[in-house]
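What follows is a single structure, written as C-alpha cells, with notes after it.
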Amino acid sequence: MVARKLLIALILMPIITPFVSGQYTLESVNLIVYSDGYVKVTEILKPEEYTVSVSLPLLGSNIRGITVTNEIGVPLPYKINGSSLIIYFENATLIKVSYYTPDLTHKRGSIWSISFISKIPAKITFPDNAVIVDLTDIPLEISGNSILMPPGNQTVSYVLQYRPVRTEAPAAPTSGTTTEPFNSTAPSSSGSSSQSSSTSSEGSTNWTMVGVLAFLALAAGGGFLYMRRGGEEKAIDIGREDFERRLKEYELTKDEEKALLYLFDRGGKAKQAEVREMLGIPKTTAWRMFQRLEKQGLVRVYKKKRENWVELRL
C-alpha cells in the first residue's frame, strides 16, 4: 500500500509542481542611478500560466523600499528568501518589482562604477551630471541620460561633474514607497527625486551622452587610455612573498586569497571561468566573490571576446 502511494506521488509530481511554483519571462530591467550610489531597480516579468508563485533573484542583499504590484498597480504578497524574492499572485498577467539598493555601485577615488548581471538588455539612467568613462560593452542604445546595455556581466564607470548652481537629487528613500501606476514601456520613477536625478533640464549639456560618445570615439581610434578593458599586459613589480603579506592586510576568505594568488601567478589576470574551476565553486558564488573583491579595489572584472576576465588592481 505504501509503495503504491509513493508510486502515485512520483507520477503526479511533474503535473502538480508547475501549479505551485512556476517560471516567468523577464520583460524589462531598468536601473536608475542616484548621485549617492543608490540604485533603483525596476523589473517587469510575465509569469507563465498555471502558476501561483515565482522566485526572482534580487540584485543586491541590502534592499529597501520594495514594492510588488500587478499590471494595474494592486500590491501583491511576497517574501524575501535569502537572495530571492518569492512573489505570490493569482490572475496577474504582469508583475512589477521595484526596490532600492546600494550594492550595485562602488566608488574608487572620484570614479563610480555600477556592476550587475542581466539576462536581457538593461536600461541604465544616470544623474544629469554624470560622465561615463568606461564600459564593458558598446551600448545598444543611447537616449538622453540613459543607455541600454546588452545582456551579460556589465560594468559602467562614471564620474559626477560638480555643479554648484544645480541642486543635487535627494538620496533614495529608505522606507516603503507609494504604489505607482504600472508602465511596462519605460522605467518607473518614485516621485520627483527620481525624475530630477534621471532627467536633464532643458538646455543643459547631456554629460552622459558626451561621455559615452567620447568613449566610443577613443575606443574606435585606438586611443582609449583610461581603464582599458583587456588591454596590454601589466607588469607586476612585487614579489610573491610581499604580495602574500599585503593580502593579510585585508579580511579575505580562503577562496578569495587563493583566487588572488592564482591571478598573481598568471601575470595578474585570468579568465573568470578558470579561477572558478580552480576553486571548484558555482558561478553565482564566484560572481559574488569577485563583486566583493572589486568593491575592495583588489580586482577589476571586464569582458574580452565574450568571456569575463579578472585582473589584479594591487
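Residues in the C-alpha cells are numbered from 1 in each chain, the chains being A, B, ... in the order shown, and ligands are numbered from 1 in the order shown.
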Show me, as a PDB file with N, CA and C atoms, in the first residue's frame, the residues that have an atom within 8 Å of stretch 278-293 of chain A when counting only C-alpha atoms, minus same-chain residues fewer than 6 positions from it.
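The resulting file, selection_21.pdb, is shown below:
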```pdb
ATOM      1  N   ASP A 255      39.049  31.163  -0.116  1.00  0.00           N
ATOM      2  CA  ASP A 255      38.825  31.139  -1.558  1.00  0.00           C
ATOM      3  C   ASP A 255      39.262  32.460  -2.201  1.00  0.00           C
ATOM      4  N   GLU A 256      38.981  33.583  -1.545  1.00  0.00           N
ATOM      5  CA  GLU A 256      39.393  34.874  -2.085  1.00  0.00           C
ATOM      6  C   GLU A 256      40.909  34.984  -2.157  1.00  0.00           C
ATOM      7  N   LYS A 258      43.052  32.452  -2.341  1.00  0.00           N
ATOM      8  CA  LYS A 258      43.523  31.534  -3.386  1.00  0.00           C
ATOM      9  C   LYS A 258      43.315  32.138  -4.770  1.00  0.00           C
ATOM     10  N   ALA A 259      42.177  32.797  -4.966  1.00  0.00           N
ATOM     11  CA  ALA A 259      41.878  33.405  -6.268  1.00  0.00           C
ATOM     12  C   ALA A 259      42.889  34.497  -6.599  1.00  0.00           C
ATOM     13  N   VAL A 299      40.506  43.795  -7.428  1.00  0.00           N
ATOM     14  CA  VAL A 299      40.471  43.251  -8.787  1.00  0.00           C
ATOM     15  C   VAL A 299      39.605  44.139  -9.665  1.00  0.00           C
ATOM     16  N   VAL A 301      36.947  43.396 -12.967  1.00  0.00           N
ATOM     17  CA  VAL A 301      36.281  42.395 -13.809  1.00  0.00           C
ATOM     18  C   VAL A 301      35.883  43.071 -15.115  1.00  0.00           C
TER      19      VAL A 301
END
```
Which residues, written as a PDB file with C-alpha atoms, in the first residue's frame, have at least one atom at most 7 Å from A:Tyr88, with only C-alpha atoms counted and residues fewer than 5 positions away on the same chain left out?
```
ATOM      1  CA  VAL A  52       0.793  30.718  -8.223  1.00  0.00           C
ATOM      2  CA  SER A  53       4.280  31.990  -7.340  1.00  0.00           C
ATOM      3  CA  VAL A  54       7.598  32.927  -8.899  1.00  0.00           C
ATOM      4  CA  LEU A  76       0.958  41.546  -4.426  1.00  0.00           C
ATOM      5  CA  PRO A  77       2.095  39.472  -1.428  1.00  0.00           C
ATOM      6  CA  TYR A  78       5.756  38.496  -1.325  1.00  0.00           C
TER       7      TYR A  78
END
```
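Nearest residue to A:Ile87 among A:Thr155, A:Ser146, A:Tyr24, A:Lys40 is A:Tyr24, counting only C-alpha atoms.
Distance annotation: of A:Leu56, A:Leu104, A:Val68, A:Ala273, the residue with the minimal separation from A:Ser83 is A:Leu56; atom set is only C-alpha atoms.
When atom CA of A:Phe116 is paired with atom CA of A:Asp265, their separation reads 27.6 Å.
The shortest atom-to-atom distance to A:Asn206, with only C-alpha atoms taken into account, belongs to A:Ser143 out of A:Ser28, A:Gln154, A:Thr67, A:Ser143.
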Point to revise | Spatial neighbours of A:Ile32, max dist 6 Å, only C-alpha atoms, sep filter under 6 positions, as an MDAnalysis selection string | key: chainID A and resid 39:40 124:125
What does the file look like for those residues with N, CA and C atoms, as a PDB file, in the first residue's frame?
```pdb
ATOM      1  N   VAL A  39      20.767  52.734  -6.173  1.00  0.00           N
ATOM      2  CA  VAL A  39      20.201  52.408  -7.481  1.00  0.00           C
ATOM      3  C   VAL A  39      18.777  51.912  -7.279  1.00  0.00           C
ATOM      4  N   LYS A  40      17.864  52.479  -8.062  1.00  0.00           N
ATOM      5  CA  LYS A  40      16.501  51.970  -8.062  1.00  0.00           C
ATOM      6  C   LYS A  40      16.389  50.912  -9.152  1.00  0.00           C
ATOM      7  N   ILE A 124      20.020  51.764 -18.140  1.00  0.00           N
ATOM      8  CA  ILE A 124      20.587  52.472 -17.003  1.00  0.00           C
ATOM      9  C   ILE A 124      20.387  53.970 -17.213  1.00  0.00           C
ATOM     10  N   THR A 125      19.804  54.636 -16.225  1.00  0.00           N
ATOM     11  CA  THR A 125      19.615  56.083 -16.270  1.00  0.00           C
ATOM     12  C   THR A 125      20.502  56.722 -15.208  1.00  0.00           C
TER      13      THR A 125
END
```
